[in-house]
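J.: Data file input25.txt (compact mmCIF, C-alpha atoms) is appended below.
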```txt
# COMPACT_ATOMS: atom_id res chain seq x y z
CA MET A 1 -7.91 -99.05 53.35
CA LYS A 2 -10.89 -96.64 53.25
CA LYS A 3 -8.70 -94.02 51.57
CA ILE A 4 -7.61 -96.48 48.86
CA LEU A 5 -11.23 -97.53 48.26
CA HIS A 6 -12.23 -93.86 47.97
CA ILE A 7 -9.48 -93.26 45.40
CA LEU A 8 -10.40 -96.39 43.47
CA THR A 9 -14.04 -95.29 43.35
CA PHE A 10 -13.00 -91.81 42.23
CA ALA A 11 -10.79 -93.31 39.52
CA LEU A 12 -13.58 -95.52 38.21
CA VAL A 13 -16.04 -92.61 38.13
CA SER A 14 -13.50 -90.34 36.43
CA PHE A 15 -12.30 -92.76 33.78
CA THR A 16 -15.07 -95.31 33.18
CA THR A 17 -16.63 -93.15 30.46
CA LEU A 18 -13.32 -92.35 28.76
CA ARG A 19 -13.51 -93.45 25.15
CA CYS A 20 -11.62 -92.48 22.03
CA ASN A 21 -14.01 -89.53 21.65
CA LYS A 22 -12.89 -88.30 25.10
CA GLU A 23 -16.33 -88.09 26.72
CA THR A 24 -15.20 -87.59 30.31
CA ALA A 25 -15.72 -84.95 32.97
CA ALA A 26 -12.92 -82.40 33.24
CA SER A 27 -13.81 -80.98 36.63
CA ILE A 28 -16.57 -81.48 39.16
CA THR A 29 -16.73 -78.72 41.73
CA ASN A 30 -16.34 -79.99 45.31
CA THR A 31 -15.96 -83.54 43.96
CA GLY A 32 -12.65 -83.79 42.20
CA THR A 33 -10.70 -83.10 39.07
CA GLY A 34 -10.82 -85.04 35.86
CA GLY A 35 -8.60 -85.55 32.86
CA SER A 36 -7.24 -83.20 30.24
CA MET A 37 -8.96 -85.11 27.43
CA ALA A 38 -12.47 -84.23 28.59
CA ARG A 39 -15.42 -83.03 26.56
CA PHE A 40 -17.44 -81.69 29.48
CA THR A 41 -16.88 -79.96 32.79
CA ILE A 42 -18.98 -78.81 35.74
CA VAL A 43 -18.35 -75.42 37.33
CA GLY A 44 -20.73 -74.45 40.10
CA ASN A 45 -24.30 -75.02 38.93
CA TYR A 46 -23.36 -75.17 35.26
CA LEU A 47 -22.36 -77.95 32.91
CA TYR A 48 -20.22 -76.99 29.91
CA THR A 49 -19.96 -79.40 26.99
CA ALA A 50 -17.90 -79.25 23.83
CA ASP A 51 -18.92 -80.94 20.60
CA ASN A 52 -17.10 -80.73 17.28
CA THR A 53 -17.86 -77.03 16.71
CA SER A 54 -19.73 -75.61 19.73
CA LEU A 55 -19.65 -74.88 23.45
CA LYS A 56 -22.97 -75.52 25.22
CA VAL A 57 -24.03 -74.27 28.66
CA PHE A 58 -26.54 -76.15 30.83
CA ASP A 59 -28.02 -74.93 34.11
CA ILE A 60 -27.92 -77.97 36.43
CA ALA A 61 -29.11 -76.31 39.64
CA ASP A 62 -31.79 -79.00 39.41
CA PRO A 63 -29.62 -81.91 38.19
CA VAL A 64 -32.68 -83.97 37.27
CA ASN A 65 -33.84 -81.27 34.85
CA PRO A 66 -30.84 -79.65 33.13
CA ILE A 67 -31.70 -76.58 31.07
CA LEU A 68 -29.77 -75.59 27.94
CA LYS A 69 -29.00 -71.88 28.41
CA LYS A 70 -26.58 -71.09 25.61
CA MET A 71 -24.78 -72.52 22.59
CA VAL A 72 -21.68 -70.74 21.30
CA LYS A 73 -20.04 -71.51 17.97
CA VAL A 74 -16.30 -71.92 18.55
CA GLY A 75 -14.52 -73.40 15.53
CA PHE A 76 -13.81 -76.81 14.06
CA ASN A 77 -12.60 -80.10 15.53
CA ILE A 78 -13.08 -79.06 19.16
CA GLU A 79 -11.66 -81.93 21.20
CA THR A 80 -11.14 -81.04 24.87
CA ILE A 81 -12.26 -78.65 27.60
CA TYR A 82 -10.41 -77.60 30.76
CA PRO A 83 -11.55 -75.15 33.49
CA LEU A 84 -9.36 -72.73 35.45
CA ALA A 85 -11.14 -70.37 37.86
CA ASP A 86 -13.59 -68.39 35.66
CA LYS A 87 -11.96 -69.45 32.39
CA LEU A 88 -12.45 -72.37 30.01
CA PHE A 89 -9.69 -73.66 27.72
CA LEU A 90 -10.98 -75.51 24.65
CA GLY A 91 -8.44 -77.54 22.72
CA SER A 92 -9.00 -78.17 19.02
CA SER A 93 -6.99 -79.70 16.20
CA SER A 94 -5.74 -76.25 15.26
CA ALA A 95 -5.73 -74.00 18.36
CA VAL A 96 -6.61 -73.44 22.02
CA TYR A 97 -9.66 -71.21 22.51
CA ILE A 98 -9.92 -69.33 25.82
CA PHE A 99 -13.33 -68.29 27.16
CA SER A 100 -14.41 -66.27 30.19
CA ILE A 101 -17.30 -67.65 32.24
CA ALA A 102 -17.39 -64.70 34.64
CA ASN A 103 -21.03 -64.66 33.56
CA PRO A 104 -21.63 -68.43 33.72
CA GLU A 105 -24.52 -68.41 31.23
CA GLN A 106 -22.79 -66.21 28.67
CA PRO A 107 -19.31 -67.52 27.80
CA GLN A 108 -17.22 -64.87 26.06
CA GLN A 109 -14.24 -65.77 23.91
CA LEU A 110 -11.17 -63.89 25.12
CA SER A 111 -8.47 -65.14 22.80
CA THR A 112 -7.00 -67.94 20.69
CA ALA A 113 -3.61 -69.54 21.29
CA ILE A 114 -1.82 -71.12 18.34
CA THR A 115 1.50 -72.94 18.15
CA PRO A 116 2.94 -72.05 14.74
CA GLU A 117 5.23 -75.10 14.43
CA VAL A 118 2.35 -77.46 13.58
CA LEU A 119 -0.71 -76.69 11.49
CA ARG A 120 -2.90 -79.60 12.60
CA ARG A 121 -2.79 -81.88 15.66
CA CYS A 122 -4.76 -83.26 18.60
CA ASP A 123 -4.74 -80.80 21.46
CA PRO A 124 -5.40 -81.68 25.15
CA VAL A 125 -4.67 -78.65 27.34
CA VAL A 126 -4.25 -77.77 31.05
CA ALA A 127 -3.58 -74.39 32.65
CA LYS A 128 -2.35 -72.95 35.94
CA ASP A 129 -1.61 -69.41 37.06
CA THR A 130 -0.12 -67.62 34.02
CA VAL A 131 0.87 -70.66 31.97
CA ALA A 132 -0.93 -73.23 29.82
CA TYR A 133 0.42 -76.51 28.48
CA ALA A 134 -0.87 -78.52 25.53
CA THR A 135 0.22 -81.76 23.94
CA LEU A 136 0.07 -81.56 20.18
CA ARG A 137 -0.05 -85.02 18.64
CA THR A 138 0.28 -85.37 14.90
CA ASN A 139 -0.06 -89.11 14.25
CA GLY A 140 -3.10 -90.86 12.80
CA PRO A 141 -6.25 -88.72 12.33
CA CYS A 142 -4.59 -85.68 13.93
CA GLY A 143 -2.43 -85.01 10.87
CA GLY A 144 0.54 -82.64 10.99
CA THR A 145 4.26 -83.36 11.01
CA GLN A 146 5.56 -82.80 14.56
CA SER A 147 4.34 -83.87 18.02
CA VAL A 148 5.23 -81.46 20.84
CA LEU A 149 4.61 -80.25 24.37
CA ALA A 150 3.61 -76.62 23.85
CA THR A 151 3.90 -73.89 26.50
CA TYR A 152 1.87 -70.66 26.39
CA ASN A 153 2.21 -67.49 28.43
CA ILE A 154 -1.35 -66.51 29.44
CA LYS A 155 -0.46 -63.67 31.81
CA ASP A 156 -2.48 -61.45 29.49
CA ILE A 157 -5.35 -63.84 28.88
CA THR A 158 -6.50 -61.81 25.89
CA LYS A 159 -3.10 -62.16 24.18
CA PRO A 160 -1.65 -65.64 24.83
CA VAL A 161 1.90 -66.10 23.58
CA SER A 162 3.43 -69.35 22.34
CA VAL A 163 6.67 -69.66 24.35
CA SER A 164 8.07 -73.06 23.42
CA ALA A 165 7.35 -76.36 21.70
CA GLN A 166 9.42 -79.35 22.80
CA PRO A 167 9.36 -82.54 20.70
CA VAL A 168 7.51 -85.41 22.44
CA PRO A 169 6.77 -88.74 20.72
CA GLU A 170 3.00 -89.32 20.45
CA PRO A 171 1.80 -87.38 23.53
CA TYR A 172 -1.73 -87.73 24.87
CA GLY A 173 -3.27 -86.32 28.09
CA LEU A 174 -1.43 -84.34 30.75
CA GLY A 175 -1.85 -83.00 34.27
CA TYR A 176 0.12 -81.17 36.95
CA ALA A 177 0.68 -81.25 40.70
CA ASP A 178 2.57 -78.29 42.12
CA SER A 179 5.87 -78.13 40.20
CA ALA A 180 5.50 -81.46 38.40
CA LEU A 181 3.87 -81.91 34.99
CA TYR A 182 2.87 -85.41 33.89
CA VAL A 183 2.65 -86.05 30.14
CA CYS A 184 1.17 -89.26 28.74
CA THR A 185 2.71 -90.98 25.73
CA LYS A 186 2.31 -94.32 23.98
CA LYS A 187 5.51 -95.58 25.60
CA GLY A 188 5.37 -94.29 29.16
CA LEU A 189 4.63 -91.30 31.36
CA LEU A 190 7.01 -88.32 31.16
CA VAL A 191 7.59 -86.33 34.35
CA TYR A 192 8.61 -82.70 33.89
CA ASN A 193 9.90 -80.14 36.38
CA ILE A 194 7.96 -76.89 35.86
CA LYS A 195 9.43 -74.81 38.68
CA ASN A 196 10.42 -72.58 35.80
CA ALA A 197 6.90 -72.63 34.40
CA PHE A 198 7.82 -71.52 30.88
CA ASN A 199 10.76 -73.90 30.48
CA PRO A 200 9.62 -77.46 31.34
CA GLN A 201 12.55 -79.82 31.99
CA GLN A 202 12.04 -83.56 31.65
CA ASN A 203 12.88 -85.21 34.98
CA SER A 204 12.15 -88.89 34.36
CA THR A 205 10.08 -91.47 32.46
CA LEU A 206 7.67 -93.80 34.23
CA GLY A 207 6.78 -97.22 32.85
CA THR A 208 6.54 -98.36 29.24
CA GLU A 209 2.76 -98.76 28.86
CA PHE A 210 0.43 -96.69 26.70
CA TYR A 211 -0.60 -93.87 29.08
CA LYS A 212 -3.70 -92.04 27.81
CA ASP A 213 -4.58 -89.50 30.53
CA VAL A 214 -3.78 -88.59 34.14
CA ILE A 215 -5.54 -87.04 37.13
CA PRO A 216 -3.38 -85.73 40.00
CA TYR A 217 -5.65 -86.08 43.06
CA GLY A 218 -3.99 -84.93 46.27
CA ASN A 219 -0.98 -87.21 46.74
CA THR A 220 -2.30 -89.77 44.26
CA LEU A 221 -1.73 -89.87 40.53
CA ILE A 222 -4.54 -91.67 38.68
CA CYS A 223 -3.41 -92.90 35.27
CA TRP A 224 -5.63 -94.22 32.51
CA VAL A 225 -3.57 -96.77 30.58
CA GLU A 226 -4.43 -99.05 27.70
CA ARG A 227 -5.27 -101.99 29.96
CA GLY A 228 -6.81 -100.30 32.99
CA ILE A 229 -6.02 -97.71 35.64
CA LEU A 230 -2.76 -97.31 37.56
CA LEU A 231 -2.47 -95.51 40.91
CA TYR A 232 0.76 -93.89 42.11
CA ASN A 233 1.73 -92.11 45.32
CA ILE A 234 3.10 -88.67 44.40
CA ALA A 235 3.91 -87.34 47.85
CA ASP A 236 7.28 -86.86 46.14
CA ARG A 237 5.96 -85.16 43.01
CA PHE A 238 8.93 -86.20 40.87
CA SER A 239 9.18 -89.84 42.01
CA PRO A 240 5.76 -91.55 41.66
CA GLN A 241 5.53 -94.79 43.64
CA PHE A 242 3.22 -97.56 42.41
CA ILE A 243 0.16 -98.30 44.61
CA ALA A 244 -2.25 -100.48 42.65
CA LYS A 245 -3.71 -101.40 39.27
CA ILE A 246 -7.38 -101.68 38.30
CA ASN A 247 -7.92 -103.98 35.32
```
Represent the structure of the file as structure tokens.

T.:
Amino acid sequence: MKKILHILTFALVSFTTLRCNKETAASITNTGTGGSMARFTIVGNYLYTADNTSLKVFDIADPVNPILKKMVKVGFNIETIYPLADKLFLGSSSAVYIFSIANPEQPQQLSTAITPEVLRRCDPVVAKDTVAYATLRTNGPCGGTQSVLATYNIKDITKPVSVSAQPVPEPYGLGYADSALYVCTKKGLLVYNIKNAFNPQQNSTLGTEFYKDVIPYGNTLICWVERGILLYNIADRFSPQFIAKIN
């Protein structure tokens, strides 16, 4: 029971501030991991925030008195931010921008990843090892003509390569646990096998609700849906088992 309460509390903290402008924490060091549709993330003693055009760095060693250390112009329509080790991945409506934070106060842009199939789309992104995944949604304000799950080879982080773009109807947030990738859509959650990292294979579809974002947290999958939060047991990564719903 204590474990479930802990997960429920974590879910509420992670998703309570999720709004259509995606103002949610992407990662909180030593606390947990947030969603792919985030606009800010905490790495060590630094808070990184993304607005429409810029990346800002705040020193939060004293959390009561955050200090703005740097503002970096990135591009246009910056939508999401995702951390991986000493890198930040910023998703925009036209590209994924990759920054090094080896020097935490001085982010340096390393490269830009673009999927040529679509010129404009919404762009949540996650990354692991030498691969990055992004959902490119083209409906509504995102524009464009094709919605896809895009895969990038980031082995050479300075020269990311677009590997594939699989059609997915209206995708939103995404997250991974080991060899499983979870992709949110308006009509359910898609589960992909990514044992072959650069060739995701759809394994199953979960539910029929509007899934907006996911957070894999240990053996629990926390899903933000249109009418609340769903929790699933993912001890078997490819067969999520329902635990509870928070309305």

J.: Write out as a PyMOL selection string each polymer residue whose atoms come within 9 Å of segment 233-244 of chain A, counting only C-alpha atoms; drop sequence neighbours fewer than 3 positions from it.

T.: chain A and resi 177-181+191-193+203-204+206+216+218-221+229-230

J.: Please determine, counting all atoms listed in the file, which residue among A:Lys73, A:Arg227, A:Lys245, A:Lys128 has the shortest atom-to-atom distance to Phe198 of chain A.

T.: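 Closest candidate: A:Lys128.
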
J.: I'd like the box whose edges run along x, y and z of the file and which contains every listed atom of segment 62-72 of chain A, padded by 5 Å per side; could you state its centre and edge lengths in Å, one decimal, as lines of an AutoDock Vina configuration file?

T.:
```
center_x = -27.8
center_y = -77.4
center_z = 30.4
size_x = 22.2
size_y = 23.2
size_z = 28.1
```

J.: Quick one: of A:Tyr82, A:Tyr46, A:Phe89, A:Tyr152, who's nearest to Gln106 of chain A, counting all atoms listed in the file?

T.: A:Tyr46

J.: How many Å lie between atom CA of Phe210 of chain A and atom CA of Val131 of chain A, rounded to one decimal?

T.: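 Value for the atom CA of Phe210 of chain A-atom CA of Val131 of chain A distance: 26.6 Å.
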
J.: Rounded to one decimal place, report the atom CA of Val74 of chain A-atom CA of Leu90 of chain A distance in Å.

T.: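 Distance reported for this atom pair: 8.9 Å.
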
J.: So the first atom is atom CA of Ser54 of chain A and the second is atom CA of Trp224 of chain A; what is the distance between them in Å, to one decimal place?

T.: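 For atom CA of Ser54 of chain A relative to atom CA of Trp224 of chain A, the distance reads 26.6 Å.
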
J.: Which protein, DNA or RNA residues have an atom at most 12 Å from (3.9, -69.4, 36.1), counting only C-alpha atoms? List them as a ChimeraX atom specification.

T.: /A:127-133,151-155,178-179,194-200

J.: Could you check the closest approach to Asp62 of chain A for each of A:Leu88, A:Ser164, A:Gly75, A:Leu47 and tell me which residue wins, using all atoms listed in the file?

T.: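 Selected residue with least distance to Asp62 of chain A: A:Leu47.
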
J.: Would you pick out the contacts of Asn77 of chain A at 8 Å or less, using all atoms listed in the file, so that residues sharing its chain but fewer than 4 positions from it are not included, and give the list as a list in words?

T.: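 What passes the distance filter is Asn52, Thr53, Ser92, Ser93 and Ser94 of chain A.
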